[in-house]
Structure formats: structure tokens, C-alpha cells
file coords_31.txt (compact mmCIF, C-alpha atoms and all ligand atoms)
# COMPACT_ATOMS: atom_id res chain seq x y z
CA MET A 1 -117.59 69.34 -3.82
CA GLY A 2 -114.40 70.61 -2.17
CA LYS A 3 -110.88 70.16 -3.38
CA LYS A 4 -109.31 66.74 -3.04
CA ASN A 5 -106.55 66.42 -0.47
CA ILE A 6 -103.25 64.91 -1.45
CA LEU A 7 -100.56 63.91 1.00
CA ILE A 8 -97.02 64.12 -0.36
CA VAL A 9 -94.51 61.98 1.53
CA GLU A 10 -91.07 62.82 0.19
CA ASP A 11 -87.86 63.83 1.93
CA GLU A 12 -86.02 65.53 -0.92
CA GLU A 13 -86.88 69.21 -0.75
CA ASP A 14 -86.66 70.03 -4.43
CA ILE A 15 -88.97 67.15 -5.32
CA GLN A 16 -91.33 68.16 -2.51
CA GLU A 17 -91.55 71.65 -3.97
CA LEU A 18 -91.94 70.44 -7.53
CA LEU A 19 -94.79 68.16 -6.47
CA LYS A 20 -96.51 70.69 -4.24
CA PHE A 21 -96.36 73.47 -6.81
CA ASN A 22 -97.65 71.43 -9.72
CA ILE A 23 -100.28 69.45 -7.85
CA GLU A 24 -101.74 72.61 -6.35
CA ARG A 25 -101.72 74.26 -9.76
CA ALA A 26 -103.74 71.27 -11.00
CA GLY A 27 -106.43 72.16 -8.48
CA PHE A 28 -105.73 70.00 -5.43
CA ASN A 29 -104.89 70.72 -1.81
CA THR A 30 -101.58 69.34 -0.64
CA THR A 31 -99.95 68.48 2.65
CA VAL A 32 -96.23 67.80 2.55
CA CYS A 33 -94.11 65.80 4.96
CA GLY A 34 -90.66 64.30 4.85
CA THR A 35 -90.70 61.34 7.19
CA GLY A 36 -92.72 58.19 7.66
CA GLU A 37 -93.52 59.10 11.22
CA GLN A 38 -95.02 62.43 10.18
CA ALA A 39 -97.00 60.71 7.45
CA LEU A 40 -98.53 58.23 9.88
CA SER A 41 -99.44 60.90 12.40
CA LEU A 42 -100.99 63.08 9.67
CA LEU A 43 -103.09 60.09 8.63
CA GLU A 44 -104.46 59.88 12.15
CA THR A 45 -105.61 63.48 12.18
CA SER A 46 -106.52 64.39 8.59
CA ARG A 47 -108.50 62.95 5.74
CA PHE A 48 -106.71 62.38 2.41
CA ASP A 49 -107.95 61.22 -0.98
CA LEU A 50 -104.57 60.24 -2.35
CA ILE A 51 -101.02 59.76 -1.14
CA ILE A 52 -97.83 60.17 -3.10
CA LEU A 53 -95.35 58.02 -1.28
CA ASP A 54 -91.61 58.00 -1.81
CA LEU A 55 -90.20 54.61 -0.90
CA MET A 56 -86.82 55.85 0.33
CA LEU A 57 -87.44 57.87 3.48
CA PRO A 58 -84.94 58.71 6.19
CA ASP A 59 -86.75 56.97 9.04
CA MET A 60 -88.86 54.26 7.45
CA ASP A 61 -89.21 52.09 4.42
CA GLY A 62 -92.06 53.47 2.31
CA LEU A 63 -93.32 49.92 1.87
CA ASP A 64 -93.90 49.62 5.62
CA ILE A 65 -95.97 52.79 5.52
CA LEU A 66 -97.91 51.43 2.57
CA LYS A 67 -98.59 48.23 4.49
CA LYS A 68 -99.86 50.20 7.49
CA ILE A 69 -102.17 52.25 5.28
CA LYS A 70 -103.61 49.32 3.39
CA ILE A 71 -104.35 47.04 6.32
CA ASN A 72 -106.13 49.78 8.21
CA PRO A 73 -109.81 49.82 7.21
CA ILE A 74 -110.01 53.54 7.85
CA HIS A 75 -107.29 54.31 5.32
CA SER A 76 -107.43 51.43 2.88
CA ASP A 77 -109.60 53.37 0.42
CA ILE A 78 -106.97 56.08 -0.03
CA ALA A 79 -105.27 55.74 -3.41
CA VAL A 80 -101.48 55.47 -3.19
CA ILE A 81 -98.98 56.30 -5.91
CA ILE A 82 -95.47 55.16 -5.02
CA LEU A 83 -92.33 56.94 -6.14
CA THR A 84 -89.43 54.62 -6.81
CA ALA A 85 -85.93 55.21 -8.03
CA LYS A 86 -84.94 53.83 -11.40
CA GLY A 87 -84.34 50.10 -11.38
CA GLU A 88 -86.10 49.31 -8.11
CA GLU A 89 -88.15 46.65 -9.83
CA LEU A 90 -88.59 44.57 -6.70
CA ASP A 91 -89.97 47.51 -4.73
CA ARG A 92 -92.45 48.23 -7.47
CA ILE A 93 -93.74 44.64 -7.45
CA LEU A 94 -93.94 44.59 -3.67
CA GLY A 95 -95.74 47.91 -3.81
CA PHE A 96 -98.46 46.45 -6.00
CA GLU A 97 -98.72 43.38 -3.82
CA LEU A 98 -99.22 45.61 -0.82
CA GLY A 99 -102.03 47.45 -2.57
CA ALA A 100 -100.51 50.56 -4.19
CA GLU A 101 -102.69 51.78 -7.06
CA ASP A 102 -99.89 53.13 -9.25
CA TYR A 103 -96.22 54.06 -9.31
CA VAL A 104 -93.88 56.46 -11.05
CA VAL A 105 -90.17 56.05 -11.52
CA LYS A 106 -87.79 58.88 -10.70
CA PRO A 107 -86.94 61.02 -12.57
CA PHE A 108 -90.55 61.37 -13.59
CA SER A 109 -92.58 63.60 -15.82
CA ILE A 110 -94.71 65.87 -13.67
CA ARG A 111 -97.36 66.06 -16.39
CA GLU A 112 -97.67 62.31 -16.47
CA LEU A 113 -97.91 62.17 -12.68
CA ILE A 114 -100.72 64.75 -12.67
CA LEU A 115 -102.61 62.72 -15.29
CA ARG A 116 -102.28 59.61 -13.16
CA ILE A 117 -103.49 61.46 -10.07
CA LYS A 118 -106.53 62.70 -11.95
CA ALA A 119 -107.28 59.26 -13.37
CA LEU A 120 -107.08 57.63 -9.94
CA LEU A 121 -109.22 60.23 -8.23
CA LYS A 122 -111.83 59.93 -10.96
CA ARG A 123 -111.87 56.19 -10.48
CA THR A 124 -112.41 56.42 -6.75
CA HIS A 125 -115.01 59.12 -7.37
CA HIS A 126 -117.05 56.94 -9.72
CA HIS A 127 -116.83 53.88 -7.55
CA PRO A 128 -117.51 55.02 -4.04
CA SER A 129 -116.66 52.66 -1.24
CA THR A 130 -119.22 49.87 -1.12
CA LYS A 131 -119.15 49.71 2.64
CA LYS A 132 -116.84 46.79 2.79
CA TRP A 133 -114.49 46.31 5.68
CA LYS A 134 -111.39 44.30 5.01
CA TYR A 135 -108.71 42.86 7.21
CA LYS A 136 -106.30 40.48 5.54
CA THR A 137 -108.63 37.83 4.04
CA LEU A 138 -111.61 38.71 6.21
CA ILE A 139 -114.21 40.80 4.38
CA VAL A 140 -117.35 42.19 5.97
CA ASP A 141 -119.81 43.46 3.39
CA GLN A 142 -122.35 45.67 5.06
CA GLU A 143 -124.74 45.92 2.11
CA LYS A 144 -124.85 42.22 1.38
CA MET A 145 -124.71 41.40 5.10
CA GLU A 146 -122.08 38.89 4.23
CA VAL A 147 -118.85 37.86 5.90
CA THR A 148 -116.19 35.95 4.00
CA ILE A 149 -112.85 34.50 5.00
CA ASP A 150 -110.54 33.42 2.18
CA GLU A 151 -113.51 34.04 -0.14
CA GLU A 152 -115.67 31.54 1.71
CA GLU A 153 -118.85 32.76 3.29
CA ILE A 154 -119.21 32.46 7.04
CA GLU A 155 -122.75 31.82 8.21
CA LEU A 156 -123.60 34.39 10.84
CA THR A 157 -126.96 35.05 12.43
CA THR A 158 -128.32 38.57 12.03
CA THR A 159 -127.45 39.27 15.66
CA GLU A 160 -123.88 38.09 15.23
CA PHE A 161 -123.52 40.16 12.08
CA LYS A 162 -124.85 43.28 13.80
CA LEU A 163 -122.52 42.75 16.74
CA LEU A 164 -119.52 42.47 14.45
CA LEU A 165 -120.60 45.53 12.50
CA GLU A 166 -121.04 47.65 15.62
CA LEU A 167 -117.56 46.73 16.78
CA ILE A 168 -116.06 47.50 13.37
CA LYS A 169 -117.82 50.86 13.18
CA ALA A 170 -116.43 51.77 16.59
CA GLN A 171 -112.95 51.62 14.99
CA GLY A 172 -111.18 50.21 17.98
CA LYS A 173 -113.15 52.03 20.69
CA VAL A 174 -114.40 49.85 23.53
CA LEU A 175 -118.15 49.24 23.46
CA SER A 176 -119.87 48.33 26.70
CA ARG A 177 -122.22 45.37 26.92
CA GLU A 178 -125.07 47.79 27.67
CA TYR A 179 -124.30 49.78 24.56
CA LEU A 180 -124.22 46.63 22.45
CA LEU A 181 -127.49 45.40 23.92
CA ASN A 182 -129.16 48.66 22.96
CA SER A 183 -127.70 48.99 19.52
CA VAL A 184 -127.90 45.34 18.43
CA TRP A 185 -131.03 44.09 20.16
CA GLY A 186 -132.68 47.46 19.91
CA TYR A 187 -134.06 47.75 23.41
CA ASP A 188 -132.81 47.92 26.93
CA PHE A 189 -132.09 44.40 27.97
CA GLU A 190 -130.90 45.27 31.45
CA GLY A 191 -129.70 42.42 33.57
CA TYR A 192 -128.89 40.24 30.62
CA ALA A 193 -125.49 41.60 29.72
CA ARG A 194 -124.31 38.01 29.57
CA THR A 195 -126.39 37.60 26.41
CA VAL A 196 -123.75 39.71 24.70
CA ASP A 197 -120.99 37.44 25.97
CA THR A 198 -122.77 34.38 24.63
CA HIS A 199 -123.17 35.87 21.17
CA ILE A 200 -119.62 37.17 21.12
CA ARG A 201 -118.41 33.68 21.98
CA ARG A 202 -120.35 32.18 19.06
CA LEU A 203 -119.18 34.94 16.75
CA ARG A 204 -115.58 34.31 17.71
CA SER A 205 -115.84 30.60 17.11
CA LYS A 206 -117.25 31.25 13.63
CA LEU A 207 -114.44 33.70 12.87
CA GLY A 208 -111.87 30.95 13.39
CA ASP A 209 -108.39 32.36 12.94
CA TYR A 210 -109.81 35.87 13.17
CA ALA A 211 -111.43 35.26 16.56
CA GLU A 212 -108.71 37.26 18.25
CA ILE A 213 -109.61 40.54 16.53
CA ILE A 214 -112.40 40.81 19.11
CA LYS A 215 -110.82 41.69 22.42
CA THR A 216 -112.54 41.41 25.77
CA ILE A 217 -112.05 44.38 28.03
CA ARG A 218 -112.72 42.89 31.41
CA GLY A 219 -115.58 44.49 33.27
CA VAL A 220 -116.39 46.82 30.39
CA GLY A 221 -117.08 45.23 27.05
CA TYR A 222 -115.47 44.54 23.72
CA LYS A 223 -113.45 46.14 20.99
CA ILE A 224 -111.86 45.28 17.67
CA LYS A 225 -108.10 45.23 17.63
CA ILE A 226 -106.11 44.72 14.44
CA ASN A 227 -102.45 45.32 13.79
CA CA A 301 -86.31 59.80 -0.75

call {"tool": "encode", "arguments": {"input": "coords_31.txt", "output": "C-alpha cells"}}
result
Amino acid sequence: MGKKNILIVEDEEDIQELLKFNIERAGFNTTVCGTGEQALSLLETSRFDLIILDLMLPDMDGLDILKKIKINPIHSDIAVIILTAKGEELDRILGFELGAEDYVVKPFSIRELILRIKALLKRTHHHPSTKKWKYKTLIVDQEKMEVTIDEEEIELTTTEFKLLLELIKAQGKVLSREYLLNSVWGYDFEGYARTVDTHIRRLRSKLGDYAEIIKTIRGVGYKIKIN
């Protein structure tokens, strides 16, 4: 297995260097950036196992970045350790509420931080993602073929479940009706593209408040859109 990748989001140069030096010495790869904007664009292009996130950044509140990471199903598995200044109790609590796995208070002990990084990465290593997709209180469990909203199961037909899953897997890309017919029904159902529309309509009505995550792209097909 290759080295784990750690993204360090911190604007103070001496702390950046301290983190980079020690984390690399502990056997990890690091990528360093100093603004929220850079962090978000790095997340679009690279794969990270853990993020060390300073909450006080020049362009963005670290908590907003955390929120963006944790509501995005592609990134929500990445462990996040937040760095807070002494006494920022409120930020720490908000950080946990928004899904951060751990925090350290500045000034921090680098040895302790390294131990926490190792502990977190071990945890994620031993409990690999169970193929669950989450958006707010909507959870789609691929293995159990189960969809829940606010912890209550939504009864979907196999076809509706497969449709939803295909759209989720496409991660926001538009899927044509023809594509969906092939992948969900398993054969070329030419001429009956409206079958897809009918099932999407039923799926939406079962999703209730979440109906709007499925967007219609007129003349083309459908995609998932979450904010
Ligand atoms: Ca800072």
C-alpha cells in the first residue's frame, strides 16, 4: 500500500513548515496550501486520506471549508483534524457538529498531533467505507439496498433504487435516458425512454423533501445536484 496523503491547510508559514516536516518524517505524503480556495481546488483534483485544517484562514472560515467537505459524498470519508487557537471553544464544538474527527489547540505538541493522525488513519483503514452515500439526513446504503430519510426507511422498488444509485455514482454528471435504460433495465429499451421519466417521477415523490436533488436536463436526461 502506498503512503497516505495528508492535506495541510494553514496560512502561517512557520506552522506549515513544522507540520510538513514532521508529518513527512512520520511517513506520510503532504500537500500544503494556505487558503481555503486552494484547499477546495486541491480537493477537486487530488485524493487525500486526511486533512489538517486551520480554522483561521485569510480568505475563508475553516468551518465553511469543513462543511463543504463533509456534505460532499466524494470527500465525506476524509478524516479532518481542525486546528483552533486557544479558547475557541465554540469553534471546536461547531467543528464536531460539522463532522470533524478530531482537533488540536494551538500551540500544540507535534508528537501528539502525529499520534492522532496515525490513530485516525488506522481507524479509517480498519473500517473501510461501507458504500453508503449520505446527503444531510438522506442515506443510501448500497449493500443493504436501503434508503433512509431521518432514519426512516423509504420503500423503493429495485428499479427505483438502481436508478438512484446510477445517478449517485455519476457524481453530478448528466446521464441520458438511453444510458439509464441500459444500465438499470439491462437491455436496450429503445423507444421507451419515457419509462425512465415515469420511474424518476415515482422516485422523486418517494424522496419527499429530497426530490429536488434529481435534476431534469431537458432533452438529455437526469443528474444529481447537491449543494
Ligand atoms: Ca491561521

call {"tool": "closest_residue", "arguments": {"input": "coords_31.txt", "among": "A:Ala26, A:Ile51, A:Gln171, A:Thr148", "to": "Tyr103 in chain A", "atoms": "all atoms listed in the file"}}
result
A:Ile51

call {"tool": "residues_near_ligand", "arguments": {"input": "coords_31.txt", "ligand": "ligand CA 301 (chain A)", "cutoff": "6 Å", "atoms": "all atoms listed in the file", "output": "JSON, numbers by chain"}}
result
{"A": [10, 11, 12, 54, 56, 57]}

call {"tool": "atom_distance", "arguments": {"input": "coords_31.txt", "atom1": "CA of Ile78 in chain A", "atom2": "CA of Lys173 in chain A"}}
result
22.0 Å

call {"tool": "closest_residue", "arguments": {"input": "coords_31.txt", "among": "A:Leu113, A:Lys134, A:Asp209, A:Asn29", "to": "Asp77 in chain A", "atoms": "only C-alpha atoms"}}
result
A:Lys134

call {"tool": "closest_residue", "arguments": {"input": "coords_31.txt", "among": "A:Glu13, A:Leu7, A:Val105, A:Thr30", "to": "Val80 in chain A", "atoms": "all atoms listed in the file"}}
result
A:Leu7

call {"tool": "residues_around", "arguments": {"input": "coords_31.txt", "residues": "Arg92 in chain A", "least_positions_apart": "4", "cutoff": "12 Å", "atoms": "all atoms listed in the file", "output": "PyMOL selection string"}}
result
chain A and resi 53-55+62-63+66+81-88+96-105

call {"tool": "residues_around", "arguments": {"input": "coords_31.txt", "residues": "Tyr192 in chain A", "least_positions_apart": "4", "cutoff": "12 Å", "atoms": "all atoms listed in the file", "output": "ChimeraX atom specification"}}
result
/A:177-178,180-182,185,187-188,196-199

call {"tool": "closest_residue", "arguments": {"input": "coords_31.txt", "among": "A:Ile65, A:Ile139, A:Ile114, A:Ile168", "to": "Phe21 in chain A", "atoms": "all atoms listed in the file"}}
result
A:Ile114

call {"tool": "atom_distance", "arguments": {"input": "coords_31.txt", "atom1": "CA of Ser176 in chain A", "atom2": "CA of Ile69 in chain A"}}
result
28.1 Å

call {"tool": "residues_around", "arguments": {"input": "coords_31.txt", "residues": "Ile6 in chain A", "least_positions_apart": "3", "cutoff": "10 Å", "atoms": "all atoms listed in the file", "output": "PyMOL selection string"}}
result
chain A and resi 3+9+20+23-24+28-32+47-52+78-80+117

call {"tool": "closest_residue", "arguments": {"input": "coords_31.txt", "among": "A:Lys169, A:Arg194, A:Arg111, A:Lys122", "to": "Leu18 in chain A", "atoms": "all atoms listed in the file"}}
result
A:Arg111

call {"tool": "closest_residue", "arguments": {"input": "coords_31.txt", "among": "A:Tyr210, A:Tyr179, A:Tyr135, A:Tyr222", "to": "Ile71 in chain A", "atoms": "all atoms listed in the file"}}
result
A:Tyr135

call {"tool": "residues_around", "arguments": {"input": "coords_31.txt", "residues": "Gln142 in chain A", "least_positions_apart": "4", "cutoff": "10 Å", "atoms": "all atoms listed in the file", "output": "PyMOL selection string"}}
result
chain A and resi 130-133+146-147+161-162+165

call {"tool": "axis_aligned_box", "arguments": {"input": "coords_31.txt", "around": "range 32-36 of chain A", "padding_each_side": "5 Å", "output": "lines of an AutoDock Vina configuration file"}}
result
center_x = -93.4
center_y = 63.0
center_z = 5.1
size_x = 15.6
size_y = 19.6
size_z = 15.1

call {"tool": "atom_distance", "arguments": {"input": "coords_31.txt", "atom1": "CA of Ala211 in chain A", "atom2": "CA of Val184 in chain A"}}
result
19.4 Å

call {"tool": "residues_near_point", "arguments": {"input": "coords_31.txt", "point": "(-115.0, 46.6, 24.2)", "cutoff": "10 Å", "atoms": "only C-alpha atoms", "output": "VMD selection string"}}
result
chain A and resid 167 170 172 to 177 179 to 180 214 to 225
